[in-house]
>>> print(open('work-v5.txt').read())   # compact mmCIF, C-alpha atoms
# COMPACT_ATOMS: atom_id res chain seq x y z
CA MET A 1 30.53 249.19 51.61
CA THR A 2 27.12 247.64 52.19
CA VAL A 3 25.69 244.58 50.48
CA GLU A 4 22.10 243.36 50.33
CA LEU A 5 20.92 239.87 49.41
CA ILE A 6 17.73 239.03 47.53
CA CYS A 7 16.90 235.36 47.02
CA VAL A 8 14.23 234.79 44.38
CA GLY A 9 11.87 231.83 44.17
CA THR A 10 8.37 230.93 45.29
CA GLU A 11 9.71 227.51 46.30
CA LEU A 12 11.83 229.25 48.95
CA LEU A 13 8.80 231.00 50.42
CA LEU A 14 6.89 227.71 50.55
CA GLY A 15 9.76 225.91 52.27
CA ASN A 16 10.15 223.41 49.44
CA ILE A 17 13.85 224.28 49.20
CA VAL A 18 16.16 225.30 52.05
CA ASN A 19 17.74 228.69 51.33
CA THR A 20 21.41 227.73 51.64
CA ASN A 21 22.46 230.45 49.16
CA ALA A 22 21.73 233.22 51.65
CA ALA A 23 23.96 231.67 54.32
CA TYR A 24 26.76 231.08 51.83
CA LEU A 25 26.64 234.57 50.30
CA ALA A 26 26.34 236.30 53.68
CA GLU A 27 29.40 234.51 55.03
CA LYS A 28 31.46 235.19 51.91
CA CYS A 29 30.51 238.87 51.89
CA ALA A 30 31.38 239.19 55.58
CA GLY A 31 34.78 237.74 54.76
CA LEU A 32 35.22 240.47 52.17
CA GLY A 33 34.51 243.14 54.76
CA LEU A 34 31.10 244.04 53.34
CA SER A 35 28.35 244.97 55.79
CA CYS A 36 25.05 243.13 55.21
CA TYR A 37 22.06 244.74 56.92
CA TYR A 38 19.19 243.30 54.87
CA GLN A 39 18.25 239.96 53.34
CA THR A 40 15.02 239.33 51.49
CA VAL A 41 13.25 236.32 50.00
CA VAL A 42 10.72 237.14 47.30
CA GLY A 43 8.60 234.92 45.06
CA ASP A 44 8.53 234.73 41.27
CA ASN A 45 6.49 237.90 40.84
CA ALA A 46 7.79 240.80 38.77
CA GLU A 47 5.94 243.51 40.69
CA ARG A 48 7.07 242.38 44.15
CA LEU A 49 10.60 241.63 42.94
CA GLY A 50 10.80 245.09 41.37
CA GLU A 51 9.68 246.73 44.59
CA VAL A 52 12.29 244.83 46.63
CA LEU A 53 15.07 245.57 44.14
CA ARG A 54 14.29 249.30 43.97
CA THR A 55 14.44 249.53 47.75
CA ALA A 56 17.68 247.57 47.91
CA ALA A 57 19.38 249.58 45.17
CA GLY A 58 18.43 252.80 46.93
CA ARG A 59 20.13 251.93 50.22
CA SER A 60 22.95 249.45 49.47
CA ASP A 61 26.13 249.70 47.42
CA VAL A 62 25.93 246.11 46.20
CA VAL A 63 22.77 244.08 45.61
CA ILE A 64 23.16 240.36 44.98
CA LEU A 65 20.21 238.39 43.62
CA SER A 66 20.13 234.61 43.31
CA GLY A 67 17.61 232.61 41.32
CA GLY A 68 15.13 233.38 38.57
CA LEU A 69 17.57 233.17 35.64
CA GLY A 70 16.10 230.00 34.13
CA PRO A 71 14.33 229.57 30.79
CA THR A 72 10.70 229.43 31.96
CA GLU A 73 8.08 232.17 32.13
CA ASP A 74 8.32 232.51 35.91
CA ASP A 75 12.07 233.22 35.72
CA LEU A 76 11.84 237.00 35.86
CA THR A 77 14.93 238.23 37.71
CA LYS A 78 16.98 239.37 34.73
CA GLU A 79 14.06 241.02 32.97
CA THR A 80 12.98 242.85 36.14
CA ALA A 81 16.50 244.01 37.00
CA ALA A 82 17.14 245.22 33.45
CA GLY A 83 13.92 247.24 33.50
CA ILE A 84 14.69 248.90 36.82
CA MET A 85 18.27 249.68 35.78
CA GLY A 86 17.09 251.07 32.43
CA ARG A 87 18.88 248.50 30.29
CA GLU A 88 17.43 246.76 27.26
CA LEU A 89 18.07 243.04 26.79
CA VAL A 90 20.30 242.07 23.87
CA GLU A 91 21.61 238.69 22.82
CA ASP A 92 25.12 237.85 23.99
CA PRO A 93 26.85 235.72 21.31
CA GLY A 94 29.13 234.03 23.83
CA SER A 95 26.22 232.95 26.00
CA ARG A 96 24.30 231.63 22.99
CA ALA A 97 27.33 229.61 21.86
CA HIS A 98 27.73 228.18 25.37
CA ILE A 99 24.08 227.11 25.53
CA GLN A 100 24.38 225.41 22.13
CA ALA A 101 27.57 223.60 23.19
CA TYR A 102 26.08 222.64 26.56
CA PHE A 103 23.18 220.79 24.94
CA ALA A 104 25.34 219.32 22.16
CA SER A 105 27.65 217.74 24.73
CA ARG A 106 24.61 215.95 26.13
CA ASN A 107 23.26 214.90 22.72
CA ALA A 108 20.22 217.13 23.20
CA GLU A 109 18.67 220.12 21.47
CA PRO A 110 17.81 223.33 23.33
CA THR A 111 14.16 224.34 23.31
CA GLU A 112 13.19 227.80 22.10
CA ASN A 113 12.88 229.19 25.61
CA ASN A 114 16.50 228.27 26.39
CA TRP A 115 17.65 231.11 24.13
CA LYS A 116 16.07 233.51 26.60
CA GLN A 117 19.06 232.82 28.82
CA ALA A 118 21.41 234.30 26.21
CA LEU A 119 19.73 237.72 26.53
CA MET A 120 21.78 240.09 28.67
CA PRO A 121 21.23 243.68 29.89
CA ARG A 122 23.12 245.99 27.56
CA GLY A 123 26.45 247.04 29.06
CA GLY A 124 26.38 244.33 31.72
CA ILE A 125 29.36 242.17 32.63
CA VAL A 126 28.45 238.61 31.65
CA LEU A 127 29.51 235.90 34.11
CA PRO A 128 30.08 232.54 32.38
CA ASN A 129 28.45 229.43 33.84
CA PRO A 130 30.28 226.20 32.91
CA ASN A 131 27.98 224.23 35.22
CA GLY A 132 24.64 225.21 33.67
CA THR A 133 22.88 227.21 30.97
CA ALA A 134 22.14 230.40 32.92
CA PRO A 135 24.96 232.99 32.77
CA GLY A 136 25.15 235.54 35.53
CA VAL A 137 25.55 239.27 34.99
CA ILE A 138 26.71 242.39 36.82
CA ILE A 139 24.98 245.70 36.13
CA ALA A 140 26.76 248.81 37.38
CA GLU A 141 24.93 252.14 37.54
CA GLY A 142 26.84 254.91 39.28
CA ALA A 143 27.77 253.70 42.77
CA THR A 144 25.25 250.85 42.67
CA HIS A 145 26.26 247.35 41.58
CA VAL A 146 23.59 244.72 40.95
CA VAL A 147 24.80 241.12 40.67
CA LEU A 148 22.53 238.40 39.25
CA LEU A 149 23.43 234.78 40.00
CA PRO A 150 21.74 231.46 39.15
CA GLY A 151 19.87 229.69 41.94
CA PRO A 152 21.37 226.16 41.97
CA PRO A 153 24.22 226.19 44.54
CA HIS A 154 26.56 224.13 42.32
CA GLU A 155 26.27 226.92 39.73
CA LEU A 156 26.15 229.91 42.09
CA LYS A 157 29.17 229.08 44.26
CA PRO A 158 31.86 228.70 41.55
CA MET A 159 30.49 231.74 39.71
CA PHE A 160 30.64 233.84 42.85
CA GLU A 161 34.13 232.71 43.80
CA ASN A 162 35.66 232.90 40.32
CA HIS A 163 34.06 236.12 39.09
CA VAL A 164 32.12 238.07 41.71
CA ILE A 165 34.70 238.05 44.50
CA PRO A 166 37.44 239.54 42.27
CA TYR A 167 34.95 242.17 41.07
CA LEU A 168 33.92 243.13 44.61
CA LYS A 169 37.54 243.32 45.75
CA ASN A 170 38.23 245.88 43.01
CA LEU A 171 35.40 248.20 44.03
CA GLU A 172 37.40 249.77 46.81
CA PRO A 173 41.08 250.72 46.92
CA GLY A 174 43.37 248.30 48.71
CA VAL A 175 42.64 244.71 49.69
CA ILE A 176 40.51 242.90 52.24
CA SER A 177 42.07 239.83 53.81
CA SER A 178 40.82 237.47 56.49
CA GLN A 179 41.92 234.50 58.57
CA THR A 180 39.68 232.08 60.40
CA VAL A 181 40.47 230.59 63.80
CA LYS A 182 38.46 227.41 64.43
CA VAL A 183 37.61 226.30 67.97
CA CYS A 184 36.00 223.03 69.07
CA GLY A 185 34.37 221.98 72.32
CA VAL A 186 33.55 225.54 73.42
CA GLY A 187 30.20 227.30 72.89
CA GLU A 188 29.82 230.59 71.05
CA SER A 189 28.79 232.50 74.18
CA ARG A 190 31.91 231.31 76.00
CA VAL A 191 34.14 232.24 73.06
CA GLU A 192 32.56 235.68 72.86
CA THR A 193 33.04 236.22 76.58
CA MET A 194 36.73 235.30 76.34
CA LEU A 195 37.21 237.72 73.43
CA GLN A 196 34.75 240.44 74.45
CA ASP A 197 37.29 243.22 74.84
CA LEU A 198 38.77 242.45 71.42
CA ILE A 199 35.31 242.47 69.85
CA ASP A 200 34.28 245.70 71.58
CA GLY A 201 37.49 247.46 70.57
CA GLN A 202 37.56 246.23 66.99
CA ASP A 203 38.14 248.61 64.13
CA ASN A 204 40.69 247.24 61.70
CA PRO A 205 40.97 244.26 61.92
CA THR A 206 37.40 243.29 62.78
CA LEU A 207 36.33 240.10 64.59
CA ALA A 208 33.20 238.03 64.04
CA THR A 209 32.16 234.69 65.56
CA TYR A 210 30.15 232.05 63.72
CA ALA A 211 28.57 229.07 65.49
CA ARG A 212 28.81 225.62 63.89
CA PRO A 213 27.63 222.26 65.27
CA GLY A 214 30.12 221.56 68.05
CA GLU A 215 32.51 224.33 67.10
CA VAL A 216 32.93 228.09 66.66
CA HIS A 217 34.76 229.94 63.90
CA ILE A 218 36.37 233.31 64.63
CA ARG A 219 37.04 235.38 61.52
CA VAL A 220 39.61 238.18 61.66
CA THR A 221 39.33 240.59 58.72
CA ALA A 222 41.63 243.47 57.86
CA ARG A 223 41.56 246.17 55.20
CA ALA A 224 44.85 247.60 53.90
CA GLU A 225 46.64 248.92 50.83
CA GLY A 226 48.17 245.53 50.10
CA GLU A 227 47.95 241.87 51.11
CA LYS A 228 51.20 242.03 53.08
CA GLU A 229 49.98 244.95 55.19
CA ALA A 230 46.60 243.27 55.79
CA ARG A 231 48.36 240.12 57.00
CA ARG A 232 50.55 242.23 59.28
CA LEU A 233 47.42 243.68 60.91
CA ILE A 234 45.81 240.26 61.31
CA LYS A 235 48.82 238.47 62.82
CA PRO A 236 48.86 240.01 66.35
CA VAL A 237 45.10 239.58 66.73
CA VAL A 238 45.28 235.88 65.82
CA LYS A 239 48.23 235.53 68.19
CA GLU A 240 46.17 237.01 71.04
CA ILE A 241 43.23 234.70 70.25
CA LYS A 242 45.60 231.71 70.36
CA ALA A 243 46.93 232.84 73.72
CA ARG A 244 43.41 232.98 75.15
CA MET A 245 41.83 229.94 73.50
CA GLY A 246 44.87 227.65 73.69
CA GLY A 247 44.29 223.99 72.90
CA ASP A 248 40.64 224.55 72.01
CA ILE A 249 41.87 225.87 68.65
CA TYR A 250 42.21 223.06 66.16
CA THR A 251 43.25 225.07 63.10
CA THR A 252 43.73 228.53 61.59
CA ASP A 253 43.41 227.14 58.06
CA GLU A 254 40.13 227.96 56.31
CA GLU A 255 40.18 224.65 54.41
CA VAL A 256 40.73 222.36 57.42
CA THR A 257 37.61 220.81 58.94
CA LEU A 258 37.42 219.24 62.39
CA GLU A 259 37.43 215.74 60.92
CA LYS A 260 40.44 216.60 58.75
CA ALA A 261 42.29 217.89 61.82
CA VAL A 262 41.55 214.61 63.63
CA VAL A 263 42.69 212.49 60.67
CA GLU A 264 45.89 214.54 60.38
CA LEU A 265 46.50 213.97 64.10
CA LEU A 266 46.01 210.22 63.66
CA VAL A 267 48.35 210.11 60.67
CA ALA A 268 51.02 212.19 62.39
CA ASN A 269 51.04 209.83 65.38
CA LYS A 270 50.67 206.65 63.29
CA LEU A 271 47.43 205.67 65.00
CA THR A 272 44.57 203.63 63.59
CA VAL A 273 40.94 204.38 64.42
CA THR A 274 37.70 202.43 64.57
CA CYS A 275 34.16 203.46 65.56
CA ALA A 276 31.15 201.79 67.15
CA GLU A 277 27.99 203.86 66.80
CA SER A 278 24.49 203.50 68.10
CA CYS A 279 22.44 206.72 67.89
CA THR A 280 24.66 208.24 65.15
CA GLY A 281 24.24 205.23 62.87
CA GLY A 282 27.52 205.63 60.98
CA MET A 283 27.62 209.42 60.77
CA LEU A 284 30.92 209.60 62.67
CA SER A 285 32.56 207.14 60.31
CA ALA A 286 31.10 208.98 57.32
CA ARG A 287 32.67 212.29 58.37
CA LEU A 288 36.04 210.66 58.89
CA ILE A 289 35.87 208.83 55.58
CA ASN A 290 35.11 212.10 53.78
CA VAL A 291 38.72 213.12 54.45
CA PRO A 292 41.19 212.25 51.66
CA GLY A 293 43.98 210.01 52.96
CA VAL A 294 41.90 208.53 55.78
CA SER A 295 42.56 205.03 54.43
CA GLU A 296 45.96 205.23 56.15
CA VAL A 297 44.32 205.23 59.57
CA TYR A 298 40.67 204.12 59.39
CA LYS A 299 40.25 200.41 60.09
CA SER A 300 36.55 199.63 60.53
CA GLY A 301 33.19 200.86 61.72
CA TYR A 302 30.27 199.17 63.45
CA VAL A 303 26.67 200.31 63.73
CA THR A 304 25.52 198.53 66.87
CA TYR A 305 22.03 199.92 67.21
CA SER A 306 20.43 197.04 69.09
CA ASN A 307 21.49 195.57 72.42
CA LYS A 308 22.07 192.24 70.69
CA ALA A 309 24.54 193.88 68.28
CA LYS A 310 26.35 195.51 71.19
CA ARG A 311 26.70 192.13 72.87
CA LYS A 312 27.56 190.01 69.82
CA LEU A 313 29.87 192.42 67.99
CA LEU A 314 31.48 194.36 70.83
CA GLY A 315 31.23 192.06 73.82
CA VAL A 316 29.14 194.42 75.96
CA LYS A 317 27.96 192.37 78.93
CA LYS A 318 24.30 191.44 79.13
CA SER A 319 24.37 192.30 82.84
CA THR A 320 25.63 195.81 82.04
CA LEU A 321 22.80 196.44 79.60
CA GLU A 322 20.21 195.09 82.03
CA LYS A 323 21.49 197.02 85.04
CA TYR A 324 22.49 200.34 83.46
CA GLY A 325 20.78 200.36 80.06
CA ALA A 326 22.09 200.88 76.56
CA VAL A 327 22.43 204.63 77.16
CA SER A 328 24.86 204.73 80.05
CA PRO A 329 28.53 205.50 80.72
CA GLN A 330 29.10 201.83 81.55
CA THR A 331 27.80 200.68 78.17
CA ALA A 332 29.77 203.34 76.29
CA GLU A 333 32.96 202.29 78.08
CA GLU A 334 32.42 198.61 77.33
CA MET A 335 31.69 199.49 73.69
CA ALA A 336 35.02 201.28 73.38
CA LYS A 337 36.96 198.54 75.18
CA GLY A 338 35.30 195.73 73.24
CA LEU A 339 35.79 197.59 69.97
CA ALA A 340 39.52 197.99 70.60
CA SER A 341 39.80 194.29 71.31
CA VAL A 342 37.85 193.22 68.23
CA SER A 343 39.35 195.68 65.75
CA LYS A 344 42.88 196.01 67.17
CA GLY A 345 42.57 199.76 66.58
CA ASP A 346 44.73 202.22 68.50
CA VAL A 347 41.83 204.64 68.96
CA ALA A 348 38.36 203.16 69.51
CA VAL A 349 35.27 205.33 69.94
CA GLY A 350 31.92 204.16 71.29
CA VAL A 351 28.79 206.28 70.95
CA THR A 352 25.40 205.64 72.52
CA GLY A 353 22.51 207.99 73.19
CA LEU A 354 18.89 209.03 72.75
CA ALA A 355 18.36 211.02 69.55
CA GLY A 356 14.56 211.03 69.89
CA PRO A 357 11.95 212.11 69.33
CA ASP A 358 10.72 209.12 71.35
CA GLY A 359 12.32 206.95 74.01
CA GLY A 360 13.23 209.60 76.56
CA THR A 361 12.41 209.39 80.28
CA GLU A 362 12.76 211.77 83.22
CA LYS A 363 16.06 210.18 84.18
CA LYS A 364 17.27 209.70 80.63
CA PRO A 365 15.82 212.47 78.46
CA VAL A 366 16.10 212.79 74.70
CA GLY A 367 19.48 214.32 73.89
CA LEU A 368 21.38 212.36 76.55
CA VAL A 369 24.54 210.94 74.95
CA TYR A 370 27.58 209.07 76.23
CA ILE A 371 30.79 208.92 74.23
CA ALA A 372 33.80 206.80 75.18
CA CYS A 373 37.23 207.16 73.61
CA ASN A 374 39.82 204.43 74.11
CA VAL A 375 43.39 205.43 73.20
CA LYS A 376 45.69 202.44 73.59
CA GLY A 377 43.81 201.23 76.66
CA GLU A 378 43.24 204.66 78.23
CA VAL A 379 39.45 205.11 78.28
CA THR A 380 37.67 208.43 78.74
CA VAL A 381 33.86 208.63 78.99
CA ARG A 382 31.92 211.88 78.68
CA GLU A 383 28.24 212.68 79.23
CA TYR A 384 26.49 215.19 76.96
CA HIS A 385 23.05 216.79 76.84
CA PHE A 386 22.02 218.03 73.41
CA SER A 387 18.81 219.71 72.31
CA GLY A 388 16.97 219.98 69.01
CA ASN A 389 15.46 217.48 66.63
CA ARG A 390 16.79 214.02 65.85
CA GLN A 391 19.14 215.17 63.09
CA THR A 392 20.50 218.08 65.13
CA ILE A 393 21.25 215.82 68.11
CA ARG A 394 23.03 213.28 65.90
CA GLU A 395 25.14 215.98 64.22
CA ALA A 396 26.07 217.50 67.58
CA THR A 397 27.04 214.04 68.84
CA VAL A 398 29.39 213.47 65.92
CA SER A 399 31.10 216.82 66.48
CA ALA A 400 31.46 216.02 70.17
CA ALA A 401 32.96 212.62 69.34
CA LEU A 402 35.52 214.20 67.02
CA THR A 403 36.43 216.76 69.68
CA LEU A 404 36.79 214.06 72.33
CA MET A 405 38.98 211.97 70.01
CA ARG A 406 41.24 214.95 69.39
CA ASN A 407 41.51 215.86 73.07
CA CYS A 408 42.19 212.27 74.17
CA ILE A 409 44.94 211.78 71.59
CA LEU A 410 46.60 215.07 72.54
CA GLU A 411 46.36 214.24 76.25
CA TYR A 412 47.77 210.75 75.73
CA PHE A 413 50.88 212.00 73.96
CA SER A 414 51.22 214.93 76.34
CA GLU A 415 51.49 212.48 79.24
CA ILE A 416 54.15 210.55 77.36
CA THR A 417 56.07 213.74 76.62
CA PHE A 418 56.08 214.89 80.23
CA GLY A 419 56.96 211.47 81.59
CA LYS A 420 53.62 210.64 83.18
CA LYS A 421 53.25 207.57 81.01
CA LYS A 422 55.84 205.02 79.96
>>> encode(input="work-v5.txt", output="structure tokens")
Amino acid sequence: MTVELICVGTELLLGNIVNTNAAYLAEKCAGLGLSCYYQTVVGDNAERLGEVLRTAAGRSDVVILSGGLGPTEDDLTKETAAGIMGRELVEDPGSRAHIQAYFASRNAEPTENNWKQALMPRGGIVLPNPNGTAPGVIIAEGATHVVLLPGPPHELKPMFENHVIPYLKNLEPGVISSQTVKVCGVGESRVETMLQDLIDGQDNPTLATYARPGEVHIRVTARAEGEKEARRLIKPVVKEIKARMGGDIYTTDEEVTLEKAVVELLVANKLTVTCAESCTGGMLSARLINVPGVSEVYKSGYVTYSNKAKRKLLGVKKSTLEKYGAVSPQTAEEMAKGLASVSKGDVAVGVTGLAGPDGGTEKKPVGLVYIACNVKGEVTVREYHFSGNRQTIREATVSAALTLMRNCILEYFSEITFGKKK
């Protein structure tokens, strides 16, 4: 089956809002085995929206629209879709009751235009919205299925997962199941090269790679009569990916993030962690602290942006800073060593680099980063060269730091296991 995405809103065309809905919906649909060949962004204009929707409905099995379900005059998605699908709008009692209750719970009264949101295309499947006042709706006409979703992501995502995914799964016989293999420290091109023959020969299951900052996700999707059979098809493919990617794989669990994998590794080995950050300004600590249960292992974090802070808080030598500079492997190493001494943490990570846009030189360009990881006195320093804007470089640095932490911990205990370390 094919799916087409239409994101509605003039604010999207103007760049006032980043279109995260398209990325989310595309990834979810791919996981369901739906082929997406077209995505469109259209403003709040009935004529242009109607033209886009007619085209989409004529070439795709499923058309998903997000946005334009609000109470104002420029919210035209539902009205336009109903007209094209030949459905009149009628009031849905359940939606009206929800809108009334929604405002009552906030000690407010709905305005007259709010009742517009209770009007639904006749014969449509109403999708409740506990997180807002705009219900969604599915309109089915022959083999075409048009899905209307609210624009705010905190409303769209739960509606899609709770109501639309089950609906889409029932459109075709059998089930679609997928498993994600997550790899860190290896680029997408390298992953694709290592798996090229599997990708070229794919049929059922199918393979798709998705690049993330500092990591790559490999999704294996199978279609079968039942969940058990789909899992049976997926298993040997995942096994082959594991054989090829080895230790670069940090999880095959969809819900596990890189930071969660690192925290679980720390907990399992009863290690504490502490961070000293310069160019990332606390972003590494923030990602670790986002993980529930991190309080068992996280001790402290330092943002040592200035040279004075590096000297006073971490004991980095003044001579090191003068001779090699703040962005150097020597400084990163001394940050990690000093941090371990000050914090008494088992794993100490020091990060220093040039995030830009200013401050770069020919010898030390913007994007140059050094990360040092100290595991119980064993210090590893790595040099990285990242590209992009300031935010992109900082995000890539954090992912690299998490990957280095993971690799250093695994290597440390591997040496103990094989007798190289006492």
>>> residues_near_point(input="work-v5.txt", point="(32.4, 233.6, 40.1)", cutoff="12 Å", atoms="all atoms listed in the file", output="PyMOL selection string")
chain A and resi 25+28+125-131+135-138+147-150+153-168
>>> closest_atom_pairs(input="work-v5.txt", of="region 221-296 of chain A", to="region 327-350 of chain A", cutoff="9 Å", atoms="all atoms listed in the file", output="tab-separated table")
residue	atom	partner	partner_atom	distance
A:Leu266	CA	A:Val347	CA	8.8
A:Leu271	CA	A:Asp346	CA	5.6
A:Thr272	CA	A:Asp346	CA	5.1
A:Val273	CA	A:Val347	CA	4.6
A:Thr274	CA	A:Ala348	CA	5.0
A:Cys275	CA	A:Val349	CA	4.9
A:Ala276	CA	A:Gly350	CA	4.8
A:Glu277	CA	A:Gly350	CA	6.0
A:Ser278	CA	A:Gly350	CA	8.1
>>> residues_around(input="work-v5.txt", residues="Thr392 (chain A)", least_positions_apart="2", cutoff="12 Å", atoms="only C-alpha atoms", output="list in words")
Arg212, Pro213, Gly214, Cys279, Thr280, Leu354, Ala355, Gly356, Pro357, Val366, Gly367, Phe386, Ser387, Gly388, Asn389, Arg390, Arg394, Glu395, Ala396, Thr397, Val398 and Ser399 of chain A
>>> residues_around(input="work-v5.txt", residues="Ala97 (chain A)", least_positions_apart="6", cutoff="12 Å", atoms="only C-alpha atoms", output="list in words")
Glu91, Phe103, Ala104, Pro110, Asn114, Trp115, Gln117, Ala118, Pro128, Pro130, Thr133 and Pro135 of chain A
>>> closest_residue(input="work-v5.txt", among="A:Glu362, A:Asp44, A:Glu73, A:Glu225", to="Ser177 (chain A)", atoms="all atoms listed in the file")
A:Glu225
>>> residues_around(input="work-v5.txt", residues="Cys408 (chain A)", least_positions_apart="3", cutoff="9 Å", atoms="all atoms listed in the file", output="PyMOL selection string")
chain A and resi 373-375+378-380+403-405+411-413
>>> residues_around(input="work-v5.txt", residues="region 30-38 of chain A", least_positions_apart="2", cutoff="10 Å", atoms="all atoms listed in the file", output="ChimeraX atom specification")
/A:1-6,25-28,40,56,59-63,165,168-169,175-180,205-206,208,219-223
>>> atom_distance(input="work-v5.txt", atom1="CA of Tyr305 (chain A)", atom2="CA of Gly359 (chain A)")
13.8 Å
>>> closest_residue(input="work-v5.txt", among="A:Gly9, A:Pro292, A:Gly94, A:Gly86", to="Arg48 (chain A)", atoms="only C-alpha atoms")
A:Gly9
>>> atom_distance(input="work-v5.txt", atom1="CA of Glu11 (chain A)", atom2="CA of Ile393 (chain A)")
27.3 Å
